[in-house]
Amino acid sequence: MLRSQRTEALYALLFLAPFLIHLGIFFVFAFVRTVGFSFTDATLIGQSSRFVGFSNFVELFREPRFLAALTHSISFMLVVTTLQTLLALALAAVLNQRLRGITFFRTVYYIPSVLSSAAVTVIAIWFFQKTGFLNTFIGYIGSVAPVLLAFGGLFVLAQAVQVGWERWRGVPVPWLDPALATISLVVALALTWGLVGLGVVRPLEARPPEFTWLTNPDRFLGIPIPLWSIVILNTFTTIPTLMLIFLAGLQDIPRSLYEAASIDGATPLQQFFSVTVPMLRPVTFLVITLSLIGTLQMFDQVALMGDAAPLDSIIVLAYYVYNNVFSGEGKVGLASAAALILAGLTFAIVLLQRALGISEKAH
Amino acid sequence: MATKAIRPVRKLDERHLARQRWARAGWVYGAMLALAVFFIGPFYVAFLGSLKDNPLEWPFRYSFAQTQPKNWAAAWRLGQLGAGNPWTGGFAPGAEIPFQISYFLEEGQEPEPPTVTVPTRRAGAGLGAIFDEVQAAQYAQVSEVQEVSRRPAVVGGQPGQIVTYAFTIRYPKGDAAANQPTIPRLPLDVEAPRGQQYYAATLDPNRLERRGRVASWDSVTPGFFGYVFRNYVRVFNEARDPNTGASFFLRWTANSFFVSLAVVLTTLLFASLGGYALARMYLPGKNYLFAFIVFTMTVPSQATFISNYLVLRDLGLLGSLWGMIVWSAVGAGAVFIMKQFFESIPREIEEAALMDGATPVTTFFRIILPIATPALGALTILTFQGMWNEFFKAAVVLSGQQASYTLPLGLSFFRSAYGVAGDWGLMLASAFLSMIPIIILFVVFQRYFVEGVSTSALKG
């Protein structure tokens, strides 16, 4: 090694020293120690501990609460990732327009992601109360359903009549022609207003809400209702981040591809499925991976729900680990084993993604 | 003839296309607005809820006492009368507060004056109930209730009359006026005899009970903030340390600032040093090291926190803000961002400095860091936001030490302290208060937030 190279390497180590020391203590040592703990019966208060082999892992799979946490974590991960990815992609496709004031809208949509999950969760718990806003809103929609249905029907009717008329005259307008849809909108609004005024269509009487979100013992699609409320909350707060990543990806797709497609006569929907989706594949995989890892490790929202919802209906792996260390005698051994299973699941996802041949580099 | 027939069709077509373009833009903007309502709406209704006396009232009202200018003006004026303080009000010696209340009586009922009392009332549920405070009931004197006017009216389809009563609440100045305290609140209960129904008052009451016969106020001299932002004022006044009496919320805010700023400083320094070494310096096995750093970012913090908890315990840093700072001093993600940035600047700049014989240390601090200002700015904002919102580490390090909580942990403490009583006004208000710094930061530097996400995620 050249002398100058040695000096440079020394300087590099010096520069990296604070970070490496920090990483050494708070990551490497901590991780090795967790592996060590997982084979012992260590507790937070006990002084000595014994080597117990794999019995912690065996015990975990006998404990109903751990099994609940595991199934909740996995189903939460799958449901939220699906919802988030689809909605974020749809949003990004809508937002990927050349319009004045688009930056303003992007900023506004991003707000839920910036705020602290603690504050947002507190607000969400209020939202999910029995007489909270969500139930009030659902009840309101239910009570005005006749009006909304009448409006929707009139809109479709008006649009069909107009498009039919234009086509009969020989003008080739699409079914969703925006100009005609505007006229249909005005017509439908006026007619609905008239029908409500005449009392032909009436909103139903609003009833006090009866559905509970956070204390509901029922399940929907095998997932407890309280966990569904966390699903809704988590999807709502993380969509904007994923949407921004999609947007960045969308803007990297060359315009010429779309121009070529439209010259070949592809409709917007065809363009979306044969240009946008394939070009976005690397970004989509990145988003899915981020989302899988993020949802698997979700902790704050469960911890903040606290006693608002029964623990067994919302517990996830990350919270299970925390709860085992900081409640009762502090089962460090058992919690470490659970933490390793959580880490193992995360690695499995990363490895799966690698195996599918998509590197972390999108470009 | 043929050309004449074709021409008008073409013209129509062009106009039609223009109309379609305009209409499409309209629909797109409409969709965007609808989405904006979807993302902001929940926060807007929650904010309305935080102003209400009962945020869980059903049906939900968008317009209520606290949103009406009439009450703003009255609260301002009464605060002025009560303690010379139009913002937060109070009840000071020498105060004289005229008050009017109207009741609706159905036809055939004889009006009877209501009973007016200044009750002894605890500040609130949760922590607020712990403290003994000076009660206005000890000092306030209520004058006789007098009927002022009657007028016929139809309310809810029922013919009848509206009767208005007036009374005055005084805080007489004694001989030793210096010993008389200024009292923060002047609660009031007005109970009307059977058959009368509350109709209106100088200031709308906080609660109506027994079918509108009993109206009660938390304070009839609240001042503007004390009335409209009642729950926000309560966050500061009621949630206090039982031992020292210091406001918890102020303490937590200060703690959050301290931790966030300290971590921003350590991160800026250590991450730029580390990132520079990884990006530019010669180090055998550098690529393996970098791969390892990327790997650490995917490991859940639950897999490492037990040992970190024990390490901090052995260092005596548990329950202390320093414990949080030490644990978060520099993150792999920050080093990663800085490395990406340093790789993007041209090498010639440092080569020139090296030629001149500068050591790597001087080159770094004199030449590289000044160039890195944009990246450091983005890192500052992302780190600050991350630390301000950090919940897991706070829950591990600070648990049980209320005085050293940061805001997110404080919110969860409020949740358990006030959640049982269902005191949602205070919880919602504290949630909104805790967001203010991040909202300001976001409004000013939103570009960095937005770019930060897409660059750090995409260039990875």
# chains A, B, ... in the order shown; residues from 1 in each chain; ligands from 1

$ select_by_dssp --residues "stretch 190-350 of chain B" --states "strand (DSSP E or B)" --output "PyMOL selection string"
chain B and resi 190-191+196-201+207-209+214-217+240+247

$ residues_around --residues "A:Trp213" --least-positions-apart "6" --cutoff "12 Å" --atoms "only C-alpha atoms" --output "PDB file with N, CA and C atoms, in the first residue's frame"
ATOM      1  N   ALA A 124     -57.117  10.266  14.926  1.00  0.00           N
ATOM      2  CA  ALA A 124     -57.818   9.117  14.347  1.00  0.00           C
ATOM      3  C   ALA A 124     -58.676   8.416  15.392  1.00  0.00           C
ATOM      4  N   ILE A 125     -58.174   8.322  16.622  1.00  0.00           N
ATOM      5  CA  ILE A 125     -58.975   7.641  17.648  1.00  0.00           C
ATOM      6  C   ILE A 125     -60.283   8.404  17.852  1.00  0.00           C
ATOM      7  N   TRP A 126     -60.190   9.736  17.814  1.00  0.00           N
ATOM      8  CA  TRP A 126     -61.415  10.540  17.898  1.00  0.00           C
ATOM      9  C   TRP A 126     -62.327  10.230  16.716  1.00  0.00           C
ATOM     10  N   PHE A 127     -61.716  10.118  15.553  1.00  0.00           N
ATOM     11  CA  PHE A 127     -62.461   9.848  14.334  1.00  0.00           C
ATOM     12  C   PHE A 127     -63.238   8.551  14.425  1.00  0.00           C
ATOM     13  N   PHE A 128     -62.621   7.542  15.070  1.00  0.00           N
ATOM     14  CA  PHE A 128     -63.211   6.208  15.098  1.00  0.00           C
ATOM     15  C   PHE A 128     -64.119   5.981  16.303  1.00  0.00           C
ATOM     16  N   GLN A 129     -64.329   7.015  17.129  1.00  0.00           N
ATOM     17  CA  GLN A 129     -65.257   6.847  18.250  1.00  0.00           C
ATOM     18  C   GLN A 129     -66.658   6.564  17.716  1.00  0.00           C
ATOM     19  N   LYS A 130     -67.519   6.093  18.616  1.00  0.00           N
ATOM     20  CA  LYS A 130     -68.853   5.723  18.156  1.00  0.00           C
ATOM     21  C   LYS A 130     -69.576   6.919  17.534  1.00  0.00           C
ATOM     22  N   THR A 131     -69.547   8.076  18.212  1.00  0.00           N
ATOM     23  CA  THR A 131     -70.167   9.258  17.614  1.00  0.00           C
ATOM     24  C   THR A 131     -69.101  10.163  17.005  1.00  0.00           C
ATOM     25  N   GLY A 132     -67.962   9.577  16.657  1.00  0.00           N
ATOM     26  CA  GLY A 132     -66.895  10.341  16.011  1.00  0.00           C
ATOM     27  C   GLY A 132     -67.270  10.696  14.581  1.00  0.00           C
ATOM     28  N   PHE A 133     -66.365  11.374  13.890  1.00  0.00           N
ATOM     29  CA  PHE A 133     -66.746  11.915  12.593  1.00  0.00           C
ATOM     30  C   PHE A 133     -66.970  10.841  11.539  1.00  0.00           C
ATOM     31  N   LEU A 134     -66.212   9.765  11.604  1.00  0.00           N
ATOM     32  CA  LEU A 134     -66.334   8.752  10.546  1.00  0.00           C
ATOM     33  C   LEU A 134     -67.746   8.176  10.507  1.00  0.00           C
ATOM     34  N   ASN A 135     -68.252   7.759  11.705  1.00  0.00           N
ATOM     35  CA  ASN A 135     -69.602   7.222  11.749  1.00  0.00           C
ATOM     36  C   ASN A 135     -70.636   8.272  11.361  1.00  0.00           C
ATOM     37  N   ARG A 219     -64.967  -9.563  13.321  1.00  0.00           N
ATOM     38  CA  ARG A 219     -63.911  -9.588  12.323  1.00  0.00           C
ATOM     39  C   ARG A 219     -64.513  -9.348  10.948  1.00  0.00           C
ATOM     40  N   PHE A 220     -63.694  -8.791  10.087  1.00  0.00           N
ATOM     41  CA  PHE A 220     -64.117  -8.623   8.699  1.00  0.00           C
ATOM     42  C   PHE A 220     -62.987  -9.174   7.844  1.00  0.00           C
ATOM     43  N   PRO A 224     -59.643  -8.391  12.714  1.00  0.00           N
ATOM     44  CA  PRO A 224     -60.528  -7.714  13.665  1.00  0.00           C
ATOM     45  C   PRO A 224     -60.843  -6.282  13.221  1.00  0.00           C
ATOM     46  N   ILE A 225     -62.061  -5.838  13.507  1.00  0.00           N
ATOM     47  CA  ILE A 225     -62.477  -4.485  13.097  1.00  0.00           C
ATOM     48  C   ILE A 225     -61.525  -3.404  13.641  1.00  0.00           C
ATOM     49  N   PRO A 226     -61.080  -3.492  14.932  1.00  0.00           N
ATOM     50  CA  PRO A 226     -60.153  -2.442  15.402  1.00  0.00           C
ATOM     51  C   PRO A 226     -58.890  -2.360  14.562  1.00  0.00           C
ATOM     52  N   LEU A 227     -58.409  -3.527  14.087  1.00  0.00           N
ATOM     53  CA  LEU A 227     -57.208  -3.494  13.240  1.00  0.00           C
ATOM     54  C   LEU A 227     -57.528  -2.865  11.891  1.00  0.00           C
ATOM     55  N   TRP A 228     -58.756  -3.053  11.425  1.00  0.00           N
ATOM     56  CA  TRP A 228     -59.157  -2.396  10.172  1.00  0.00           C
ATOM     57  C   TRP A 228     -59.057  -0.884  10.309  1.00  0.00           C
ATOM     58  N   SER A 229     -59.389  -0.371  11.504  1.00  0.00           N
ATOM     59  CA  SER A 229     -59.292   1.087  11.637  1.00  0.00           C
ATOM     60  C   SER A 229     -57.837   1.528  11.542  1.00  0.00           C
ATOM     61  N   ILE A 230     -56.905   0.693  12.053  1.00  0.00           N
ATOM     62  CA  ILE A 230     -55.494   1.050  11.887  1.00  0.00           C
ATOM     63  C   ILE A 230     -55.091   0.909  10.415  1.00  0.00           C
ATOM     64  N   VAL A 231     -55.684  -0.074   9.726  1.00  0.00           N
ATOM     65  CA  VAL A 231     -55.411  -0.214   8.288  1.00  0.00           C
ATOM     66  C   VAL A 231     -55.798   1.080   7.562  1.00  0.00           C
ATOM     67  N   ILE A 232     -56.994   1.578   7.870  1.00  0.00           N
ATOM     68  CA  ILE A 232     -57.469   2.802   7.207  1.00  0.00           C
ATOM     69  C   ILE A 232     -56.531   3.961   7.524  1.00  0.00           C
ATOM     70  N   MET A 305     -52.917   3.626  20.357  1.00  0.00           N
ATOM     71  CA  MET A 305     -54.314   3.229  20.560  1.00  0.00           C
ATOM     72  C   MET A 305     -54.521   2.896  22.031  1.00  0.00           C
ATOM     73  N   ALA A 308     -57.767   2.181  24.048  1.00  0.00           N
ATOM     74  CA  ALA A 308     -58.941   2.550  23.247  1.00  0.00           C
ATOM     75  C   ALA A 308     -59.518   1.309  22.573  1.00  0.00           C
ATOM     76  N   ALA A 309     -58.637   0.363  22.242  1.00  0.00           N
ATOM     77  CA  ALA A 309     -59.084  -0.876  21.624  1.00  0.00           C
ATOM     78  C   ALA A 309     -58.496  -2.027  22.420  1.00  0.00           C
ATOM     79  N   PRO A 310     -59.198  -3.183  22.482  1.00  0.00           N
ATOM     80  CA  PRO A 310     -58.615  -4.322  23.202  1.00  0.00           C
ATOM     81  C   PRO A 310     -57.310  -4.752  22.552  1.00  0.00           C
ATOM     82  N   SER A 313     -56.871  -7.482  19.875  1.00  0.00           N
ATOM     83  CA  SER A 313     -57.427  -7.307  18.541  1.00  0.00           C
ATOM     84  C   SER A 313     -56.541  -6.444  17.653  1.00  0.00           C
ATOM     85  N   ILE A 314     -55.569  -5.744  18.241  1.00  0.00           N
ATOM     86  CA  ILE A 314     -54.729  -4.886  17.387  1.00  0.00           C
ATOM     87  C   ILE A 314     -53.254  -5.223  17.505  1.00  0.00           C
TER      88      ILE A 314
END

$ closest_atom_pairs --of "chain B" --to "chain A" --cutoff "7 Å" --atoms "only C-alpha atoms" --output "JSON lines"
{"residue": "B:Arg19", "atom": "CA", "partner": "A:Ala179", "partner_atom": "CA", "distance": 5.9}
{"residue": "B:Gln20", "atom": "CA", "partner": "A:Ala179", "partner_atom": "CA", "distance": 4.8}
{"residue": "B:Ala23", "atom": "CA", "partner": "A:Ala179", "partner_atom": "CA", "distance": 4.9}
{"residue": "B:Arg24", "atom": "CA", "partner": "A:Pro178", "partner_atom": "CA", "distance": 5.3}
{"residue": "B:Met32", "atom": "CA", "partner": "A:Phe105", "partner_atom": "CA", "distance": 7.0}
{"residue": "B:Ala36", "atom": "CA", "partner": "A:Tyr109", "partner_atom": "CA", "distance": 6.1}
{"residue": "B:Phe39", "atom": "CA", "partner": "A:Tyr109", "partner_atom": "CA", "distance": 5.9}
{"residue": "B:Ala46", "atom": "CA", "partner": "A:Ile123", "partner_atom": "CA", "distance": 6.6}
{"residue": "B:Leu56", "atom": "CA", "partner": "A:Thr131", "partner_atom": "CA", "distance": 5.6}
{"residue": "B:Glu57", "atom": "CA", "partner": "A:Thr131", "partner_atom": "CA", "distance": 6.8}
{"residue": "B:Trp58", "atom": "CA", "partner": "A:Thr131", "partner_atom": "CA", "distance": 6.0}
{"residue": "B:Pro59", "atom": "CA", "partner": "A:Thr136", "partner_atom": "CA", "distance": 6.9}
{"residue": "B:Phe60", "atom": "CA", "partner": "A:Thr136", "partner_atom": "CA", "distance": 6.8}
{"residue": "B:Phe270", "atom": "CA", "partner": "A:Phe19", "partner_atom": "CA", "distance": 6.2}
{"residue": "B:Leu273", "atom": "CA", "partner": "A:Phe15", "partner_atom": "CA", "distance": 5.1}
{"residue": "B:Gly274", "atom": "CA", "partner": "A:Leu16", "partner_atom": "CA", "distance": 4.4}
{"residue": "B:Ala277", "atom": "CA", "partner": "A:Ala12", "partner_atom": "CA", "distance": 5.0}
{"residue": "B:Met281", "atom": "CA", "partner": "A:Ala12", "partner_atom": "CA", "distance": 5.9}
{"residue": "B:Tyr282", "atom": "CA", "partner": "A:Ala9", "partner_atom": "CA", "distance": 5.4}
{"residue": "B:Leu283", "atom": "CA", "partner": "A:Ala9", "partner_atom": "CA", "distance": 4.8}
{"residue": "B:Val299", "atom": "CA", "partner": "A:Ala343", "partner_atom": "CA", "distance": 6.0}
{"residue": "B:Pro300", "atom": "CA", "partner": "A:Ala343", "partner_atom": "CA", "distance": 6.0}
{"residue": "B:Gln302", "atom": "CA", "partner": "A:Ala339", "partner_atom": "CA", "distance": 5.8}
{"residue": "B:Ala303", "atom": "CA", "partner": "A:Ala339", "partner_atom": "CA", "distance": 4.8}
{"residue": "B:Thr304", "atom": "CA", "partner": "A:Ala30", "partner_atom": "CA", "distance": 5.0}
{"residue": "B:Ser307", "atom": "CA", "partner": "A:Ala30", "partner_atom": "CA", "distance": 4.9}
{"residue": "B:Asn308", "atom": "CA", "partner": "A:Phe26", "partner_atom": "CA", "distance": 6.0}
{"residue": "B:Val330", "atom": "CA", "partner": "A:Phe19", "partner_atom": "CA", "distance": 6.4}
{"residue": "B:Asn389", "atom": "CA", "partner": "A:Ser116", "partner_atom": "CA", "distance": 4.6}
{"residue": "B:Phe391", "atom": "CA", "partner": "A:Asp300", "partner_atom": "CA", "distance": 6.5}
{"residue": "B:Phe392", "atom": "CA", "partner": "A:Asp300", "partner_atom": "CA", "distance": 6.7}
{"residue": "B:Pro408", "atom": "CA", "partner": "A:Ala118", "partner_atom": "CA", "distance": 5.2}
{"residue": "B:Leu411", "atom": "CA", "partner": "A:Ala118", "partner_atom": "CA", "distance": 6.8}
{"residue": "B:Ser412", "atom": "CA", "partner": "A:Leu304", "partner_atom": "CA", "distance": 5.7}
{"residue": "B:Leu428", "atom": "CA", "partner": "A:Ile123", "partner_atom": "CA", "distance": 6.2}
{"residue": "B:Ala431", "atom": "CA", "partner": "A:Ala119", "partner_atom": "CA", "distance": 4.6}
{"residue": "B:Met435", "atom": "CA", "partner": "A:Leu115", "partner_atom": "CA", "distance": 6.4}
{"residue": "B:Ile438", "atom": "CA", "partner": "A:Leu115", "partner_atom": "CA", "distance": 6.8}
{"residue": "B:Gln446", "atom": "CA", "partner": "A:Thr107", "partner_atom": "CA", "distance": 6.9}
{"residue": "B:Val453", "atom": "CA", "partner": "A:Thr241", "partner_atom": "CA", "distance": 6.9}
{"residue": "B:Ser454", "atom": "CA", "partner": "A:Ile245", "partner_atom": "CA", "distance": 5.1}
{"residue": "B:Leu458", "atom": "CA", "partner": "A:Ala362", "partner_atom": "CA", "distance": 6.2}
{"residue": "B:Lys459", "atom": "CA", "partner": "A:Lys361", "partner_atom": "CA", "distance": 6.5}
{"residue": "B:Gly460", "atom": "CA", "partner": "A:Lys361", "partner_atom": "CA", "distance": 5.7}

$ select_by_dssp --residues "stretch 69-285 of chain B" --states "helix (DSSP H, G or I)" --output "ChimeraX atom specification"
/B:69-83,126-129,136-138,177-179,223-228,230-238,248-280

$ atom_distance --atom1 "atom CA of A:Asp218" --atom2 "atom CA of A:Thr235"
21.1 Å

$ residues_around --residues "B:Glu106" --least-positions-apart "5" --cutoff "10 Å" --atoms "only C-alpha atoms" --output "list in words"
Pro111, Pro152, Ala153, Val154, Val155, Gln158, Pro159, Gly160, Gln161, Ile162, Gly195, Gln196 and Gln197 of chain B

$ write_last_selection --atoms "N, CA, C and O atoms" --output "mmCIF file, in the first residue's frame"
data_model
loop_
_atom_site.group_PDB
_atom_site.id
_atom_site.type_symbol
_atom_site.label_atom_id
_atom_site.label_comp_id
_atom_site.auth_asym_id
_atom_site.auth_seq_id
_atom_site.Cartn_x
_atom_site.Cartn_y
_atom_site.Cartn_z
ATOM 1 N N PRO B 111 -93.754 33.838 33.739
ATOM 2 C CA PRO B 111 -92.299 33.860 33.939
ATOM 3 C C PRO B 111 -91.929 33.938 35.422
ATOM 4 O O PRO B 111 -92.615 34.588 36.204
ATOM 5 N N PRO B 152 -93.425 38.727 22.549
ATOM 6 C CA PRO B 152 -94.034 37.514 22.009
ATOM 7 C C PRO B 152 -93.151 36.929 20.908
ATOM 8 O O PRO B 152 -92.475 37.685 20.189
ATOM 9 N N ALA B 153 -93.144 35.600 20.816
ATOM 10 C CA ALA B 153 -92.316 34.965 19.789
ATOM 11 C C ALA B 153 -92.847 33.571 19.519
ATOM 12 O O ALA B 153 -93.611 33.021 20.316
ATOM 13 N N VAL B 154 -92.469 33.033 18.358
ATOM 14 C CA VAL B 154 -92.813 31.661 18.026
ATOM 15 C C VAL B 154 -91.500 30.893 17.885
ATOM 16 O O VAL B 154 -90.647 31.248 17.076
ATOM 17 N N VAL B 155 -91.299 29.887 18.743
ATOM 18 C CA VAL B 155 -90.077 29.103 18.678
ATOM 19 C C VAL B 155 -90.437 27.652 18.433
ATOM 20 O O VAL B 155 -91.234 27.075 19.172
ATOM 21 N N GLN B 158 -94.066 26.723 18.338
ATOM 22 C CA GLN B 158 -94.874 26.960 19.542
ATOM 23 C C GLN B 158 -94.990 28.450 19.797
ATOM 24 O O GLN B 158 -93.972 29.134 19.911
ATOM 25 N N PRO B 159 -96.181 28.986 19.875
ATOM 26 C CA PRO B 159 -96.321 30.405 20.230
ATOM 27 C C PRO B 159 -96.016 30.583 21.717
ATOM 28 O O PRO B 159 -96.279 29.689 22.523
ATOM 29 N N GLY B 160 -95.482 31.725 22.053
ATOM 30 C CA GLY B 160 -95.142 31.974 23.446
ATOM 31 C C GLY B 160 -94.444 33.295 23.579
ATOM 32 O O GLY B 160 -94.645 34.196 22.750
ATOM 33 N N GLN B 161 -93.613 33.423 24.586
ATOM 34 C CA GLN B 161 -92.905 34.688 24.742
ATOM 35 C C GLN B 161 -91.476 34.451 25.191
ATOM 36 O O GLN B 161 -91.137 33.417 25.769
ATOM 37 N N ILE B 162 -90.648 35.441 24.865
ATOM 38 C CA ILE B 162 -89.253 35.382 25.278
ATOM 39 C C ILE B 162 -89.055 36.405 26.379
ATOM 40 O O ILE B 162 -89.357 37.595 26.214
ATOM 41 N N GLY B 195 -90.478 24.495 32.731
ATOM 42 C CA GLY B 195 -91.279 25.088 31.672
ATOM 43 C C GLY B 195 -90.535 26.159 30.873
ATOM 44 O O GLY B 195 -90.938 26.480 29.777
ATOM 45 N N GLN B 196 -89.459 26.681 31.431
ATOM 46 C CA GLN B 196 -88.723 27.700 30.683
ATOM 47 C C GLN B 196 -87.589 27.023 29.925
ATOM 48 O O GLN B 196 -87.012 26.051 30.390
ATOM 49 N N GLN B 197 -87.303 27.598 28.773
ATOM 50 C CA GLN B 197 -86.282 26.985 27.943
ATOM 51 C C GLN B 197 -85.253 28.029 27.554
ATOM 52 O O GLN B 197 -85.631 29.115 27.113
#

$ residues_around --residues "stretch 311-325 of chain B" --least-positions-apart "4" --cutoff "10 Å" --atoms "only C-alpha atoms" --output "number ranges by chain"
A: 25-26, 30; B: 255-256, 258-264, 266, 305-307, 329-330, 387, 390, 393-406

$ residues_around --residues "B:Gly275" --least-positions-apart "5" --cutoff "7 Å" --atoms "only C-alpha atoms" --output "PDB file with all heavy atoms, in the first residue's frame"
ATOM      1  N   VAL B 335     -26.232   9.224   6.646  1.00  0.00           N
ATOM      2  CA  VAL B 335     -24.931   9.000   6.009  1.00  0.00           C
ATOM      3  C   VAL B 335     -25.142   8.685   4.531  1.00  0.00           C
ATOM      4  O   VAL B 335     -24.439   9.189   3.654  1.00  0.00           O
ATOM      5  CB  VAL B 335     -24.189   7.843   6.718  1.00  0.00           C
ATOM      6  CG1 VAL B 335     -22.887   7.529   6.008  1.00  0.00           C
ATOM      7  CG2 VAL B 335     -23.951   8.193   8.164  1.00  0.00           C
ATOM      8  N   PHE B 336     -26.148   7.882   4.270  1.00  0.00           N
ATOM      9  CA  PHE B 336     -26.502   7.475   2.925  1.00  0.00           C
ATOM     10  C   PHE B 336     -26.810   8.697   2.047  1.00  0.00           C
ATOM     11  O   PHE B 336     -26.261   8.863   0.957  1.00  0.00           O
ATOM     12  CB  PHE B 336     -27.732   6.585   3.053  1.00  0.00           C
ATOM     13  CG  PHE B 336     -28.117   5.897   1.797  1.00  0.00           C
ATOM     14  CD1 PHE B 336     -27.629   4.649   1.514  1.00  0.00           C
ATOM     15  CD2 PHE B 336     -28.995   6.499   0.912  1.00  0.00           C
ATOM     16  CE1 PHE B 336     -27.995   4.006   0.354  1.00  0.00           C
ATOM     17  CE2 PHE B 336     -29.364   5.865  -0.248  1.00  0.00           C
ATOM     18  CZ  PHE B 336     -28.868   4.610  -0.526  1.00  0.00           C
ATOM     19  N   MET B 338     -25.949  11.812   2.502  1.00  0.00           N
ATOM     20  CA  MET B 338     -24.763  12.653   2.293  1.00  0.00           C
ATOM     21  C   MET B 338     -23.817  12.002   1.292  1.00  0.00           C
ATOM     22  O   MET B 338     -23.215  12.669   0.460  1.00  0.00           O
ATOM     23  CB  MET B 338     -24.040  12.903   3.625  1.00  0.00           C
ATOM     24  CG  MET B 338     -24.772  13.823   4.569  1.00  0.00           C
ATOM     25  SD  MET B 338     -25.508  15.296   3.807  1.00  0.00           S
ATOM     26  CE  MET B 338     -24.073  16.268   3.410  1.00  0.00           C
ATOM     27  N   LYS B 339     -23.678  10.672   1.359  1.00  0.00           N
ATOM     28  CA  LYS B 339     -22.797   9.990   0.403  1.00  0.00           C
ATOM     29  C   LYS B 339     -23.295  10.235  -1.020  1.00  0.00           C
ATOM     30  O   LYS B 339     -22.522  10.575  -1.914  1.00  0.00           O
ATOM     31  CB  LYS B 339     -22.766   8.493   0.699  1.00  0.00           C
ATOM     32  CG  LYS B 339     -21.968   7.716  -0.339  1.00  0.00           C
ATOM     33  CD  LYS B 339     -22.122   6.228  -0.166  1.00  0.00           C
ATOM     34  CE  LYS B 339     -21.377   5.449  -1.224  1.00  0.00           C
ATOM     35  NZ  LYS B 339     -22.116   5.225  -2.457  1.00  0.00           N
TER      36      LYS B 339
END

$ residues_around --residues "B:Ala334" --least-positions-apart "5" --cutoff "10 Å" --atoms "only C-alpha atoms" --output "JSON, numbers by chain"
{"B": [267, 268, 270, 271, 272, 274, 275, 339, 340, 376, 379, 380, 382, 383, 456]}

$ write_last_selection --atoms "N, CA and C atoms" --output "CSV table (one decimal), in the first residue's frame"
chain,number,residue,atom,x,y,z
B,267,THR,N,-26.1,14.9,13.8
B,267,THR,CA,-26.3,14.2,12.5
B,267,THR,C,-25.6,14.9,11.4
B,268,LEU,N,-25.8,16.3,11.3
B,268,LEU,CA,-25.1,17.0,10.3
B,268,LEU,C,-23.6,16.8,10.3
B,270,PHE,N,-21.7,14.3,11.9
B,270,PHE,CA,-21.2,12.9,11.7
B,270,PHE,C,-21.6,12.3,10.4
B,271,ALA,N,-22.8,12.7,9.9
B,271,ALA,CA,-23.2,12.1,8.6
B,271,ALA,C,-22.5,12.7,7.5
B,272,SER,N,-22.1,14.0,7.5
B,272,SER,CA,-21.4,14.5,6.4
B,272,SER,C,-20.0,14.0,6.4
B,274,GLY,N,-19.0,11.0,7.6
B,274,GLY,CA,-19.0,9.7,7.2
B,274,GLY,C,-19.3,9.5,5.7
B,275,GLY,N,-20.3,10.3,5.3
B,275,GLY,CA,-20.8,10.3,3.9
B,275,GLY,C,-19.6,10.7,3.0
B,339,LYS,N,-23.7,10.7,1.4
B,339,LYS,CA,-22.8,10.0,0.4
B,339,LYS,C,-23.3,10.2,-1.0
B,340,GLN,N,-24.6,10.1,-1.2
B,340,GLN,CA,-25.2,10.3,-2.5
B,340,GLN,C,-24.8,11.7,-3.0
B,376,LEU,N,-27.2,19.7,3.2
B,376,LEU,CA,-27.2,19.9,4.7
B,376,LEU,C,-28.6,20.5,5.1
B,379,LEU,N,-31.1,17.7,4.9
B,379,LEU,CA,-30.9,16.8,6.0
B,379,LEU,C,-31.4,17.4,7.3
B,380,THR,N,-31.1,18.7,7.5
B,380,THR,CA,-31.6,19.3,8.7
B,380,THR,C,-33.1,19.2,8.8
B,382,LEU,N,-35.2,17.1,7.3
B,382,LEU,CA,-35.7,15.7,7.4
B,382,LEU,C,-35.4,15.2,8.8
B,383,THR,N,-34.2,15.5,9.4
B,383,THR,CA,-33.8,15.0,10.7
B,383,THR,C,-34.7,15.6,11.7
B,456,SER,N,-34.3,10.4,-1.9
B,456,SER,CA,-33.7,9.4,-1.1
B,456,SER,C,-34.2,8.0,-1.4

$ atom_distance --atom1 "atom CA of B:Ile345" --atom2 "atom CA of B:Thr363"
14.1 Å

$ residues_around --residues "A:Ala190" --least-positions-apart "5" --cutoff "12 Å" --atoms "only C-alpha atoms" --output "number ranges by chain"
A: 150-151, 154-155, 158, 183-185, 195-197

$ closest_residue --among "B:Ala95, B:Leu48, B:Leu407, B:Val118" --to "B:Ala254" --atoms "only C-alpha atoms"
B:Leu407

$ atom_distance --atom1 "atom CA of A:Asn323" --atom2 "atom CA of A:Thr289"
26.5 Å
